[in-house]
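Inspection log for the structure reproduced underneath, given as structure tokens.
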Amino acid sequence: MHGASKMASSPTSGESTQPNRMRIAAWGTAAGLILLPLIAMRFTQDVAWRPGDFVFATGLVVGVGIAFEAAVRLTRNSAYRGGAAVALLAAFLLVWINLAVGIIGSEDNPANQMYFAVVGVGIVGALLGRFRAAGMMLALGATAVAQVAVFVVALAAGLGFTGPITVFFTGLWLISAWLFREAARDSLPLKN
């Protein structure tokens with residue numbers, strides 16, 4: 001019996017007993033990101049977060065981290081993991097920037113709510129595609145289209161010109177879609 005419990009706790013070949021350094025670095029960076037405003041508040045009055053701000057930011061950072069952990073566990077395909085990383089980074093930055101300073105005018109401008117719909121398109125698309133690479137490719141392509149649509153609506157309504165930020169985020173969504181396309185191609189059976 002003693003030998004059986006010893007075997008169950010010992011790593012199998014290929015497993016590492018050392019913690020994954022990249023994982024520790026990623027979660028450490030996430031913790032640092034949350035602590036950064038707390039530190040800044042001690043030195044400047046320009047940063048004035050309330051407890052609710054910290055709760056929301058922590059939820060956002062942890063949510064993105066858990067989503068990436070799930071993507072890593074879902075597949076060993078590096079293109080899929082890269083696509084997930086880029087999409088999650090884009091979604092995180094879009095929400096964070098939008099809430100912090102706003103994209104259309106200030107963060108208080110209700111027109112900024114359209115950017116949450118952009119992220120929503122990606123989430124709904126991922127769910128509909130069941131997180132499969134081909135479905136994710138389509139979801140991120142649709143997200144890029146939604147990003148451009150917000151630009152067009154904002155421009156047509158005279159809300160402001162958001163061209164550079166639109167190009168930046170559309171580029172991230174398209175890079176993610178391309179990586180998922182590569183992951184989908186890798187998973188296709190070879191033709192004879």
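Chain labels run A, B, ... following the order of the structure tokens; each chain numbers its residues from 1, and ligands are numbered from 1 in the order shown.
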List the neighbours of segment 139-144 of chain A out to 8 Å using only C-alpha atoms; skip same-chain residues closer than 5 positions along the sequence, and give me the result as a PyMOL selection string. chain A and resi 87+118-119+121-126+129+169-171+173-174+176-177
Could you give me the residues within segment 2-167 of chain A that DSSP places in alpha helix (DSSP H), as an MDAnalysis selection string? chainID A and resid 2:9 21:41 51:74 78:100 114:128 133:156 163:167
Just the residues within 10 Å of Gln113 of chain A, please, counting only C-alpha atoms, with nothing from its chain fewer than 2 positions along; format it as a PDB file with C-alpha atoms, in the first residue's frame.
ATOM      1  CA  VAL A  95     -11.874  47.231 -21.435  1.00  0.00           C
ATOM      2  CA  ASN A  98     -12.096  52.315 -22.033  1.00  0.00           C
ATOM      3  CA  LEU A  99     -12.841  52.349 -18.314  1.00  0.00           C
ATOM      4  CA  GLY A 102     -12.350  56.370 -22.410  1.00  0.00           C
ATOM      5  CA  ILE A 103     -11.766  56.023 -26.120  1.00  0.00           C
ATOM      6  CA  ILE A 104     -14.506  58.316 -27.390  1.00  0.00           C
ATOM      7  CA  GLU A 107     -14.521  57.497 -19.680  1.00  0.00           C
ATOM      8  CA  ASP A 108     -17.919  59.002 -18.789  1.00  0.00           C
ATOM      9  CA  ASN A 109     -19.066  59.246 -22.419  1.00  0.00           C
ATOM     10  CA  PRO A 110     -21.890  56.703 -22.929  1.00  0.00           C
ATOM     11  CA  ALA A 111     -20.703  56.141 -26.517  1.00  0.00           C
ATOM     12  CA  TYR A 115     -16.624  48.907 -27.127  1.00  0.00           C
ATOM     13  CA  PHE A 116     -18.070  46.456 -24.625  1.00  0.00           C
ATOM     14  CA  ALA A 117     -20.216  45.160 -27.491  1.00  0.00           C
ATOM     15  CA  VAL A 118     -16.999  44.516 -29.463  1.00  0.00           C
ATOM     16  CA  VAL A 150     -17.791  51.139 -33.833  1.00  0.00           C
TER      17      VAL A 150
END
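Proximity to Leu74 of chain A was assessed for A:Ala133, A:Leu93, A:Ile34, A:Ala26 counting only C-alpha atoms; the smallest distance is recorded for A:Ala133.
Going from atom CA of Leu159 of chain A to atom CA of Ala90 of chain A covers 22.6 Å.
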Between A:Phe151, A:Ala91, A:Ala100, A:Arg132, which residue has the minimum interatomic distance to Asn77 of chain A, considering only C-alpha atoms? A:Arg132
Excluding same-chain residues fewer than 4 positions from Leu179 of chain A, what lies within 8 Å of it counting only C-alpha atoms, as a PyMOL selection string? chain A and resi 79-80+82-83+137+175+183
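Using only C-alpha atoms, the nearest neighbour of Ala134 of chain A within the list A:Val101, A:Phe168, A:Ser187, A:Gly158 is A:Ser187.
Using only C-alpha atoms, the nearest neighbour of Glu182 of chain A within the list A:Met136, A:Val47, A:Val64, A:Leu127 is A:Met136.
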